[in-house]
$ cat work.txt   # compact mmCIF, N, CA and C atoms
# COMPACT_ATOMS: atom_id res chain seq x y z
N MET E 111 74.61 105.94 112.63
CA MET E 111 74.69 104.52 112.92
C MET E 111 74.00 103.69 111.84
N GLU E 112 72.85 104.19 111.39
CA GLU E 112 72.10 103.46 110.38
C GLU E 112 72.89 103.39 109.07
N ASN E 113 73.59 104.47 108.72
CA ASN E 113 74.41 104.45 107.50
C ASN E 113 75.52 103.41 107.60
N ARG E 114 76.12 103.29 108.77
CA ARG E 114 77.19 102.29 108.98
C ARG E 114 76.64 100.88 108.79
N LEU E 115 75.46 100.62 109.31
CA LEU E 115 74.84 99.30 109.16
C LEU E 115 74.50 99.01 107.71
N GLU E 116 74.04 100.02 106.99
CA GLU E 116 73.74 99.86 105.57
C GLU E 116 75.02 99.56 104.79
N LEU E 117 76.10 100.27 105.14
CA LEU E 117 77.38 100.04 104.48
C LEU E 117 77.88 98.63 104.74
N GLN E 118 77.79 98.17 106.00
CA GLN E 118 78.21 96.81 106.33
C GLN E 118 77.40 95.78 105.56
N LYS E 119 76.10 96.02 105.44
CA LYS E 119 75.23 95.10 104.69
C LYS E 119 75.63 95.08 103.22
N GLU E 120 75.93 96.24 102.65
CA GLU E 120 76.35 96.33 101.25
C GLU E 120 77.68 95.59 101.04
N VAL E 121 78.62 95.78 101.96
CA VAL E 121 79.92 95.10 101.86
C VAL E 121 79.72 93.60 101.94
N ARG E 122 78.95 93.14 102.88
CA ARG E 122 78.67 91.70 103.01
C ARG E 122 78.04 91.14 101.74
N GLY E 123 77.13 91.90 101.16
CA GLY E 123 76.49 91.46 99.92
C GLY E 123 77.48 91.32 98.79
N LYS E 124 78.38 92.29 98.67
CA LYS E 124 79.40 92.22 97.62
C LYS E 124 80.36 91.06 97.86
N ILE E 125 80.67 90.80 99.12
CA ILE E 125 81.55 89.67 99.43
C ILE E 125 80.86 88.36 99.07
N GLU E 126 79.59 88.24 99.33
CA GLU E 126 78.86 87.03 98.95
C GLU E 126 78.82 86.87 97.43
N THR E 127 78.73 87.98 96.71
CA THR E 127 78.79 87.91 95.24
C THR E 127 80.16 87.41 94.80
N ILE E 128 81.22 87.93 95.42
CA ILE E 128 82.58 87.44 95.12
C ILE E 128 82.65 85.94 95.36
N ARG E 129 82.14 85.52 96.50
CA ARG E 129 82.24 84.11 96.89
C ARG E 129 81.38 83.20 96.01
N SER E 130 80.39 83.75 95.37
CA SER E 130 79.60 82.93 94.45
C SER E 130 80.42 82.58 93.21
N ARG E 131 81.42 83.41 92.90
CA ARG E 131 82.32 83.16 91.77
C ARG E 131 83.62 82.48 92.19
N ASP E 132 84.06 82.74 93.42
CA ASP E 132 85.36 82.24 93.89
C ASP E 132 85.19 81.78 95.33
N ARG E 133 85.09 80.47 95.53
CA ARG E 133 84.82 79.89 96.85
C ARG E 133 86.09 79.59 97.65
N ARG E 134 87.26 80.01 97.16
CA ARG E 134 88.51 79.65 97.85
C ARG E 134 88.62 80.21 99.26
N TYR E 135 88.04 81.37 99.50
CA TYR E 135 88.27 82.06 100.77
C TYR E 135 86.98 82.32 101.52
N HIS E 136 87.05 82.16 102.83
CA HIS E 136 85.93 82.41 103.73
C HIS E 136 85.59 83.91 103.70
N ALA E 137 84.34 84.23 103.92
CA ALA E 137 83.91 85.64 103.95
C ALA E 137 84.69 86.45 104.98
N ASP E 138 85.02 85.83 106.11
CA ASP E 138 85.77 86.54 107.14
C ASP E 138 87.16 86.95 106.67
N ALA E 139 87.74 86.23 105.73
CA ALA E 139 89.05 86.60 105.19
C ALA E 139 88.94 87.94 104.45
N TYR E 140 87.85 88.15 103.74
CA TYR E 140 87.65 89.41 103.03
C TYR E 140 87.48 90.57 104.01
N ILE E 141 86.69 90.35 105.05
CA ILE E 141 86.50 91.39 106.07
C ILE E 141 87.83 91.70 106.75
N PHE E 142 88.61 90.68 107.02
CA PHE E 142 89.91 90.85 107.66
C PHE E 142 90.84 91.71 106.78
N VAL E 143 90.86 91.46 105.48
CA VAL E 143 91.70 92.26 104.58
C VAL E 143 91.23 93.72 104.57
N ILE E 144 89.93 93.94 104.54
CA ILE E 144 89.41 95.32 104.59
C ILE E 144 89.82 95.98 105.90
N ASP E 145 89.72 95.26 107.01
CA ASP E 145 90.15 95.79 108.30
C ASP E 145 91.64 96.15 108.29
N ALA E 146 92.45 95.31 107.67
CA ALA E 146 93.89 95.56 107.60
C ALA E 146 94.19 96.79 106.76
N VAL E 147 93.47 96.96 105.65
CA VAL E 147 93.66 98.17 104.83
C VAL E 147 93.39 99.40 105.68
N GLU E 148 92.29 99.39 106.42
CA GLU E 148 91.95 100.53 107.29
C GLU E 148 93.03 100.75 108.34
N ALA E 149 93.54 99.69 108.94
CA ALA E 149 94.57 99.81 109.97
C ALA E 149 95.86 100.40 109.41
N VAL E 150 96.27 99.94 108.24
CA VAL E 150 97.48 100.46 107.62
C VAL E 150 97.30 101.93 107.27
N LEU E 151 96.15 102.29 106.73
CA LEU E 151 95.90 103.69 106.37
C LEU E 151 95.91 104.59 107.60
N LEU E 152 95.46 104.09 108.73
CA LEU E 152 95.48 104.88 109.97
C LEU E 152 96.90 105.12 110.47
N GLU E 153 97.82 104.23 110.12
CA GLU E 153 99.20 104.35 110.60
C GLU E 153 100.07 105.28 109.77
N ILE E 154 99.69 105.54 108.53
CA ILE E 154 100.54 106.38 107.70
C ILE E 154 100.25 107.85 107.98
N VAL E 155 101.25 108.68 107.77
CA VAL E 155 101.16 110.09 108.13
C VAL E 155 100.14 110.83 107.27
N ARG E 156 100.19 110.64 105.96
CA ARG E 156 99.23 111.30 105.09
C ARG E 156 98.57 110.24 104.20
N MET E 157 97.33 110.50 103.85
CA MET E 157 96.57 109.54 103.05
C MET E 157 97.24 109.34 101.70
N ARG E 158 97.49 108.09 101.37
CA ARG E 158 98.09 107.74 100.09
C ARG E 158 97.78 106.29 99.79
N HIS E 159 98.12 105.89 98.60
CA HIS E 159 97.94 104.50 98.20
C HIS E 159 98.97 103.64 98.95
N ILE E 160 98.59 102.43 99.32
CA ILE E 160 99.54 101.52 99.97
C ILE E 160 99.87 100.38 99.02
N SER E 161 101.10 99.91 99.10
CA SER E 161 101.56 98.85 98.21
C SER E 161 101.13 97.48 98.73
N GLY E 162 101.26 96.49 97.86
CA GLY E 162 100.96 95.11 98.26
C GLY E 162 101.82 94.65 99.42
N SER E 163 103.10 94.97 99.38
CA SER E 163 103.99 94.53 100.47
C SER E 163 103.65 95.26 101.77
N GLU E 164 103.28 96.55 101.69
CA GLU E 164 102.87 97.27 102.90
C GLU E 164 101.62 96.64 103.49
N LEU E 165 100.67 96.31 102.63
CA LEU E 165 99.44 95.69 103.11
C LEU E 165 99.74 94.33 103.72
N CYS E 166 100.62 93.55 103.11
CA CYS E 166 100.97 92.24 103.67
C CYS E 166 101.58 92.38 105.06
N ARG E 167 102.42 93.39 105.25
CA ARG E 167 102.99 93.62 106.59
C ARG E 167 101.88 94.00 107.58
N GLY E 168 100.94 94.83 107.13
CA GLY E 168 99.81 95.19 107.98
C GLY E 168 98.93 93.99 108.31
N LEU E 169 98.75 93.11 107.35
CA LEU E 169 97.97 91.89 107.57
C LEU E 169 98.66 90.99 108.59
N ARG E 170 99.98 90.90 108.50
CA ARG E 170 100.74 90.11 109.47
C ARG E 170 100.58 90.69 110.87
N THR E 171 100.72 91.99 111.00
CA THR E 171 100.60 92.65 112.30
C THR E 171 99.20 92.46 112.88
N LEU E 172 98.18 92.66 112.07
CA LEU E 172 96.80 92.52 112.54
C LEU E 172 96.49 91.07 112.92
N ALA E 173 96.96 90.12 112.12
CA ALA E 173 96.72 88.71 112.44
C ALA E 173 97.36 88.33 113.77
N ALA E 174 98.59 88.78 113.98
CA ALA E 174 99.27 88.47 115.24
C ALA E 174 98.56 89.11 116.42
N ALA E 175 98.09 90.34 116.24
CA ALA E 175 97.41 91.04 117.32
C ALA E 175 96.06 90.41 117.65
N ARG E 176 95.31 90.03 116.63
CA ARG E 176 93.97 89.48 116.86
C ARG E 176 93.99 88.02 117.30
N PHE E 177 94.89 87.25 116.71
CA PHE E 177 94.82 85.80 116.89
C PHE E 177 96.01 85.18 117.61
N GLY E 178 97.05 85.98 117.88
CA GLY E 178 98.22 85.49 118.61
C GLY E 178 98.80 84.25 117.95
N PRO E 179 99.14 83.25 118.76
CA PRO E 179 99.78 82.06 118.21
C PRO E 179 98.87 81.22 117.31
N MET E 180 97.59 81.56 117.27
CA MET E 180 96.65 80.83 116.41
C MET E 180 96.47 81.51 115.04
N ALA E 181 97.23 82.57 114.75
CA ALA E 181 97.05 83.35 113.53
C ALA E 181 97.12 82.47 112.28
N LYS E 182 98.14 81.65 112.17
CA LYS E 182 98.30 80.82 110.98
C LYS E 182 97.12 79.86 110.84
N GLU E 183 96.66 79.30 111.94
CA GLU E 183 95.54 78.35 111.91
C GLU E 183 94.25 79.04 111.46
N VAL E 184 94.00 80.24 111.97
CA VAL E 184 92.79 80.97 111.58
C VAL E 184 92.84 81.30 110.09
N LEU E 185 93.98 81.84 109.65
CA LEU E 185 94.11 82.18 108.23
C LEU E 185 93.96 80.95 107.35
N ASN E 186 94.59 79.85 107.75
CA ASN E 186 94.46 78.61 106.98
C ASN E 186 93.02 78.14 106.92
N PHE E 187 92.29 78.24 108.04
CA PHE E 187 90.88 77.86 108.07
C PHE E 187 90.07 78.67 107.06
N TRP E 188 90.46 79.93 106.87
CA TRP E 188 89.79 80.80 105.92
C TRP E 188 90.24 80.55 104.48
N GLY E 189 91.19 79.64 104.28
CA GLY E 189 91.70 79.36 102.95
C GLY E 189 92.93 80.16 102.57
N VAL E 190 93.45 80.95 103.51
CA VAL E 190 94.61 81.81 103.26
C VAL E 190 95.86 81.09 103.78
N ARG E 191 96.74 80.73 102.84
CA ARG E 191 97.93 79.97 103.19
C ARG E 191 99.23 80.65 102.81
N SER E 192 99.11 81.79 102.12
CA SER E 192 100.30 82.53 101.70
C SER E 192 99.92 83.98 101.42
N THR E 193 100.94 84.82 101.28
CA THR E 193 100.67 86.22 100.94
C THR E 193 100.04 86.34 99.55
N GLY E 194 100.29 85.37 98.69
CA GLY E 194 99.64 85.35 97.38
C GLY E 194 98.13 85.25 97.51
N ASP E 195 97.66 84.53 98.52
CA ASP E 195 96.21 84.45 98.77
C ASP E 195 95.66 85.82 99.15
N PHE E 196 96.43 86.58 99.94
CA PHE E 196 96.00 87.95 100.24
C PHE E 196 95.83 88.74 98.95
N GLY E 197 96.75 88.56 98.02
CA GLY E 197 96.65 89.25 96.74
C GLY E 197 95.40 88.87 95.98
N ASN E 198 95.06 87.58 95.97
CA ASN E 198 93.82 87.14 95.30
C ASN E 198 92.61 87.79 95.94
N ILE E 199 92.60 87.87 97.25
CA ILE E 199 91.48 88.49 97.97
C ILE E 199 91.40 89.98 97.62
N VAL E 200 92.55 90.66 97.66
CA VAL E 200 92.57 92.09 97.34
C VAL E 200 92.02 92.33 95.94
N PHE E 201 92.49 91.57 94.97
CA PHE E 201 92.03 91.80 93.60
C PHE E 201 90.57 91.41 93.41
N ASN E 202 90.07 90.44 94.16
CA ASN E 202 88.62 90.17 94.14
C ASN E 202 87.85 91.36 94.70
N LEU E 203 88.38 91.97 95.78
CA LEU E 203 87.74 93.14 96.36
C LEU E 203 87.79 94.33 95.40
N VAL E 204 88.88 94.46 94.67
CA VAL E 204 88.99 95.52 93.66
C VAL E 204 87.93 95.30 92.58
N ASP E 205 87.83 94.07 92.08
CA ASP E 205 86.84 93.76 91.05
C ASP E 205 85.41 94.05 91.51
N ALA E 206 85.16 93.90 92.81
CA ALA E 206 83.83 94.15 93.36
C ALA E 206 83.60 95.63 93.69
N GLY E 207 84.63 96.45 93.50
CA GLY E 207 84.50 97.88 93.79
C GLY E 207 84.66 98.25 95.24
N LEU E 208 85.19 97.32 96.05
CA LEU E 208 85.37 97.59 97.48
C LEU E 208 86.75 98.15 97.81
N LEU E 209 87.73 97.96 96.95
CA LEU E 209 89.06 98.55 97.09
C LEU E 209 89.45 99.13 95.73
N LEU E 210 90.42 100.03 95.77
CA LEU E 210 90.93 100.64 94.54
C LEU E 210 92.35 100.18 94.28
N LYS E 211 92.75 100.21 93.01
CA LYS E 211 94.12 99.91 92.66
C LYS E 211 94.60 100.94 91.66
N THR E 212 95.92 101.03 91.52
CA THR E 212 96.50 101.91 90.52
C THR E 212 96.95 101.05 89.34
N GLU E 213 97.38 101.69 88.28
CA GLU E 213 97.87 100.95 87.12
C GLU E 213 99.16 100.20 87.43
N HIS E 214 99.82 100.57 88.52
CA HIS E 214 101.08 99.92 88.89
C HIS E 214 100.88 98.69 89.78
N ASP E 215 99.70 98.54 90.34
CA ASP E 215 99.44 97.41 91.23
C ASP E 215 99.30 96.13 90.42
N ARG E 216 99.96 95.10 90.92
CA ARG E 216 99.90 93.79 90.26
C ARG E 216 99.71 92.73 91.33
N ILE E 217 99.06 91.67 90.96
CA ILE E 217 98.87 90.57 91.90
C ILE E 217 100.21 89.98 92.33
N GLU E 218 101.19 90.08 91.45
CA GLU E 218 102.53 89.56 91.77
C GLU E 218 103.19 90.30 92.93
N ASP E 219 102.70 91.51 93.23
CA ASP E 219 103.24 92.28 94.36
C ASP E 219 103.00 91.57 95.69
N PHE E 220 102.09 90.61 95.70
CA PHE E 220 101.74 89.90 96.93
C PHE E 220 102.43 88.53 97.06
N ILE E 221 103.08 88.09 96.02
CA ILE E 221 103.68 86.75 96.02
C ILE E 221 104.93 86.71 96.88
N ASP E 222 104.97 85.74 97.80
CA ASP E 222 106.15 85.46 98.63
C ASP E 222 106.69 86.68 99.37
N VAL E 223 105.81 87.52 99.89
CA VAL E 223 106.26 88.66 100.69
C VAL E 223 106.88 88.14 102.00
N TYR E 224 106.28 87.11 102.56
CA TYR E 224 106.85 86.40 103.71
C TYR E 224 106.26 85.01 103.76
N ASP E 225 106.89 84.16 104.53
CA ASP E 225 106.47 82.78 104.70
C ASP E 225 105.61 82.69 105.96
N PHE E 226 104.42 82.14 105.84
CA PHE E 226 103.52 82.03 106.99
C PHE E 226 104.13 81.25 108.14
N GLY E 227 104.77 80.13 107.83
CA GLY E 227 105.40 79.35 108.90
C GLY E 227 106.46 80.14 109.63
N GLU E 228 107.20 80.93 108.89
CA GLU E 228 108.26 81.74 109.49
C GLU E 228 107.70 82.83 110.40
N VAL E 229 106.75 83.61 109.91
CA VAL E 229 106.28 84.76 110.68
C VAL E 229 105.23 84.42 111.72
N PHE E 230 104.43 83.40 111.48
CA PHE E 230 103.36 83.10 112.42
C PHE E 230 103.69 81.95 113.37
N GLU E 231 104.73 81.21 113.11
CA GLU E 231 105.11 80.11 114.01
C GLU E 231 106.50 80.36 114.60
N ARG E 232 107.52 80.21 113.80
CA ARG E 232 108.89 80.35 114.32
C ARG E 232 109.14 81.70 114.96
N ASN E 233 108.87 82.79 114.26
CA ASN E 233 109.14 84.12 114.81
C ASN E 233 108.24 84.44 116.00
N TYR E 234 107.04 83.95 115.98
CA TYR E 234 106.12 84.25 117.09
C TYR E 234 106.64 83.63 118.38
N PHE E 235 107.06 82.38 118.30
CA PHE E 235 107.48 81.69 119.51
C PHE E 235 108.91 82.04 119.93
N GLU E 236 109.70 82.61 119.01
CA GLU E 236 111.05 83.03 119.36
C GLU E 236 111.06 84.43 119.95
N ALA E 237 110.00 85.20 119.73
CA ALA E 237 109.95 86.59 120.19
C ALA E 237 109.78 86.67 121.68
$ encode --input "work.txt" --output "structure tokens"
Amino acid sequence: MENRLELQKEVRGKIETIRSRDRRYHADAYIFVIDAVEAVLLEIVRMRHISGSELCRGLRTLAAARFGPMAKEVLNFWGVRSTGDFGNIVFNLVDAGLLLKTEHDRIEDFIDVYDFGEVFERNYFEA
């Protein structure tokens, strides 16, 4: 338990370092992305690298599950308004050593994966 608390403290510290350089996103947005990475990895059959589009789908699923019809509002409050913002967060986490990337990963992999209004408003209320 103590190791888990130390790890959480270290992660929070690295996120605050990121935010000292890039204030666009709330600290909770970074934690949310890390949680989504873990959730996506738990769903795949064997451990492997996940793509930007796979992560974006996992982020959409987690946001809908945690926040329901308020998902878009929560993400917007955190400064996240598009899947491109998820990409910025991921690459900030990579730079801080909290996530890994391959030579094939690009920030462009996160651009326009889906429209927030479409998936968090229209599709949510039509489902």
$ atom_distance --input "work.txt" --atom1 "CA of Gly194 in chain E" --atom2 "atom C of Asp138 in chain E"
15.6 Å
$ residues_around --input "work.txt" --residues "range 118-130 of chain E" --least-positions-apart "4" --cutoff "8 Å" --atoms "all atoms listed in the file" --output "PyMOL selection string"
chain E and resi 112-114+134-137+140-141+202-203+206-208
$ write_last_selection --input "work.txt" --atoms "N, CA and C atoms" --output "PDB file, in the coordinates of the input"
ATOM      1  N   GLU E 112      72.850 104.190 111.390  1.00  0.00           N
ATOM      2  CA  GLU E 112      72.100 103.460 110.380  1.00  0.00           C
ATOM      3  C   GLU E 112      72.890 103.390 109.070  1.00  0.00           C
ATOM      4  N   ASN E 113      73.590 104.470 108.720  1.00  0.00           N
ATOM      5  CA  ASN E 113      74.410 104.450 107.500  1.00  0.00           C
ATOM      6  C   ASN E 113      75.520 103.410 107.600  1.00  0.00           C
ATOM      7  N   ARG E 114      76.120 103.290 108.770  1.00  0.00           N
ATOM      8  CA  ARG E 114      77.190 102.290 108.980  1.00  0.00           C
ATOM      9  C   ARG E 114      76.640 100.880 108.790  1.00  0.00           C
ATOM     10  N   ARG E 134      87.260  80.010  97.160  1.00  0.00           N
ATOM     11  CA  ARG E 134      88.510  79.650  97.850  1.00  0.00           C
ATOM     12  C   ARG E 134      88.620  80.210  99.260  1.00  0.00           C
ATOM     13  N   TYR E 135      88.040  81.370  99.500  1.00  0.00           N
ATOM     14  CA  TYR E 135      88.270  82.060 100.770  1.00  0.00           C
ATOM     15  C   TYR E 135      86.980  82.320 101.520  1.00  0.00           C
ATOM     16  N   HIS E 136      87.050  82.160 102.830  1.00  0.00           N
ATOM     17  CA  HIS E 136      85.930  82.410 103.730  1.00  0.00           C
ATOM     18  C   HIS E 136      85.590  83.910 103.700  1.00  0.00           C
ATOM     19  N   ALA E 137      84.340  84.230 103.920  1.00  0.00           N
ATOM     20  CA  ALA E 137      83.910  85.640 103.950  1.00  0.00           C
ATOM     21  C   ALA E 137      84.690  86.450 104.980  1.00  0.00           C
ATOM     22  N   TYR E 140      87.850  88.150 103.740  1.00  0.00           N
ATOM     23  CA  TYR E 140      87.650  89.410 103.030  1.00  0.00           C
ATOM     24  C   TYR E 140      87.480  90.570 104.010  1.00  0.00           C
ATOM     25  N   ILE E 141      86.690  90.350 105.050  1.00  0.00           N
ATOM     26  CA  ILE E 141      86.500  91.390 106.070  1.00  0.00           C
ATOM     27  C   ILE E 141      87.830  91.700 106.750  1.00  0.00           C
ATOM     28  N   ASN E 202      90.070  90.440  94.160  1.00  0.00           N
ATOM     29  CA  ASN E 202      88.620  90.170  94.140  1.00  0.00           C
ATOM     30  C   ASN E 202      87.850  91.360  94.700  1.00  0.00           C
ATOM     31  N   LEU E 203      88.380  91.970  95.780  1.00  0.00           N
ATOM     32  CA  LEU E 203      87.740  93.140  96.360  1.00  0.00           C
ATOM     33  C   LEU E 203      87.790  94.330  95.400  1.00  0.00           C
ATOM     34  N   ALA E 206      85.160  93.900  92.810  1.00  0.00           N
ATOM     35  CA  ALA E 206      83.830  94.150  93.360  1.00  0.00           C
ATOM     36  C   ALA E 206      83.600  95.630  93.690  1.00  0.00           C
ATOM     37  N   GLY E 207      84.630  96.450  93.500  1.00  0.00           N
ATOM     38  CA  GLY E 207      84.500  97.880  93.790  1.00  0.00           C
ATOM     39  C   GLY E 207      84.660  98.250  95.240  1.00  0.00           C
ATOM     40  N   LEU E 208      85.190  97.320  96.050  1.00  0.00           N
ATOM     41  CA  LEU E 208      85.370  97.590  97.480  1.00  0.00           C
ATOM     42  C   LEU E 208      86.750  98.150  97.810  1.00  0.00           C
TER      43      LEU E 208
END
$ atom_distance --input "work.txt" --atom1 "atom C of Arg191 in chain E" --atom2 "atom N of Arg158 in chain E"
27.5 Å
$ atom_distance --input "work.txt" --atom1 "CA of Pro179 in chain E" --atom2 "atom C of His159 in chain E"
28.9 Å
$ residues_around --input "work.txt" --residues "Glu231 in chain E" --least-positions-apart "6" --cutoff "8 Å" --atoms "all atoms listed in the file" --output "NGL selection string"
:E and (179 or 181-182 or 225 or 237)
$ select_by_dssp --input "work.txt" --residues "range 119-229 of chain E" --states "alpha helix (DSSP H)" --output "PyMOL selection string"
chain E and resi 119-131+137-153+162-177+181-187+193-205+226-227
$ closest_residue --input "work.txt" --among "E:Asn198, E:Thr171, E:Ser163, E:Ser192" --to "Gly227 in chain E" --atoms "all atoms listed in the file"
E:Ser192
$ residues_around --input "work.txt" --residues "Val143 in chain E" --least-positions-apart "5" --cutoff "10 Å" --atoms "only C-alpha atoms" --output "PyMOL selection string"
chain E and resi 138+148-149+165-166+168-169+172-173+196-197+199-200+203
$ write_last_selection --input "work.txt" --atoms "N, CA and C atoms" --output "mmCIF file, keeping the file's coordinate frame"
data_model
loop_
_atom_site.group_PDB
_atom_site.id
_atom_site.type_symbol
_atom_site.label_atom_id
_atom_site.label_comp_id
_atom_site.auth_asym_id
_atom_site.auth_seq_id
_atom_site.Cartn_x
_atom_site.Cartn_y
_atom_site.Cartn_z
ATOM 1 N N ASP E 138 85.020 85.830 106.110
ATOM 2 C CA ASP E 138 85.770 86.540 107.140
ATOM 3 C C ASP E 138 87.160 86.950 106.670
ATOM 4 N N GLU E 148 92.290 99.390 106.420
ATOM 5 C CA GLU E 148 91.950 100.530 107.290
ATOM 6 C C GLU E 148 93.030 100.750 108.340
ATOM 7 N N ALA E 149 93.540 99.690 108.940
ATOM 8 C CA ALA E 149 94.570 99.810 109.970
ATOM 9 C C ALA E 149 95.860 100.400 109.410
ATOM 10 N N LEU E 165 100.670 96.310 102.630
ATOM 11 C CA LEU E 165 99.440 95.690 103.110
ATOM 12 C C LEU E 165 99.740 94.330 103.720
ATOM 13 N N CYS E 166 100.620 93.550 103.110
ATOM 14 C CA CYS E 166 100.970 92.240 103.670
ATOM 15 C C CYS E 166 101.580 92.380 105.060
ATOM 16 N N GLY E 168 100.940 94.830 107.130
ATOM 17 C CA GLY E 168 99.810 95.190 107.980
ATOM 18 C C GLY E 168 98.930 93.990 108.310
ATOM 19 N N LEU E 169 98.750 93.110 107.350
ATOM 20 C CA LEU E 169 97.970 91.890 107.570
ATOM 21 C C LEU E 169 98.660 90.990 108.590
ATOM 22 N N LEU E 172 98.180 92.660 112.070
ATOM 23 C CA LEU E 172 96.800 92.520 112.540
ATOM 24 C C LEU E 172 96.490 91.070 112.920
ATOM 25 N N ALA E 173 96.960 90.120 112.120
ATOM 26 C CA ALA E 173 96.720 88.710 112.440
ATOM 27 C C ALA E 173 97.360 88.330 113.770
ATOM 28 N N PHE E 196 96.430 86.580 99.940
ATOM 29 C CA PHE E 196 96.000 87.950 100.240
ATOM 30 C C PHE E 196 95.830 88.740 98.950
ATOM 31 N N GLY E 197 96.750 88.560 98.020
ATOM 32 C CA GLY E 197 96.650 89.250 96.740
ATOM 33 C C GLY E 197 95.400 88.870 95.980
ATOM 34 N N ILE E 199 92.600 87.870 97.250
ATOM 35 C CA ILE E 199 91.480 88.490 97.970
ATOM 36 C C ILE E 199 91.400 89.980 97.620
ATOM 37 N N VAL E 200 92.550 90.660 97.660
ATOM 38 C CA VAL E 200 92.570 92.090 97.340
ATOM 39 C C VAL E 200 92.020 92.330 95.940
ATOM 40 N N LEU E 203 88.380 91.970 95.780
ATOM 41 C CA LEU E 203 87.740 93.140 96.360
ATOM 42 C C LEU E 203 87.790 94.330 95.400
#
$ closest_residue --input "work.txt" --among "E:Arg133, E:Met180, E:Glu218, E:Ala174" --to "Ala146 in chain E" --atoms "only C-alpha atoms"
E:Ala174
$ closest_residue --input "work.txt" --among "E:Phe230, E:Arg170, E:Leu151, E:Gly162" --to "Arg216 in chain E" --atoms "all atoms listed in the file"
E:Gly162
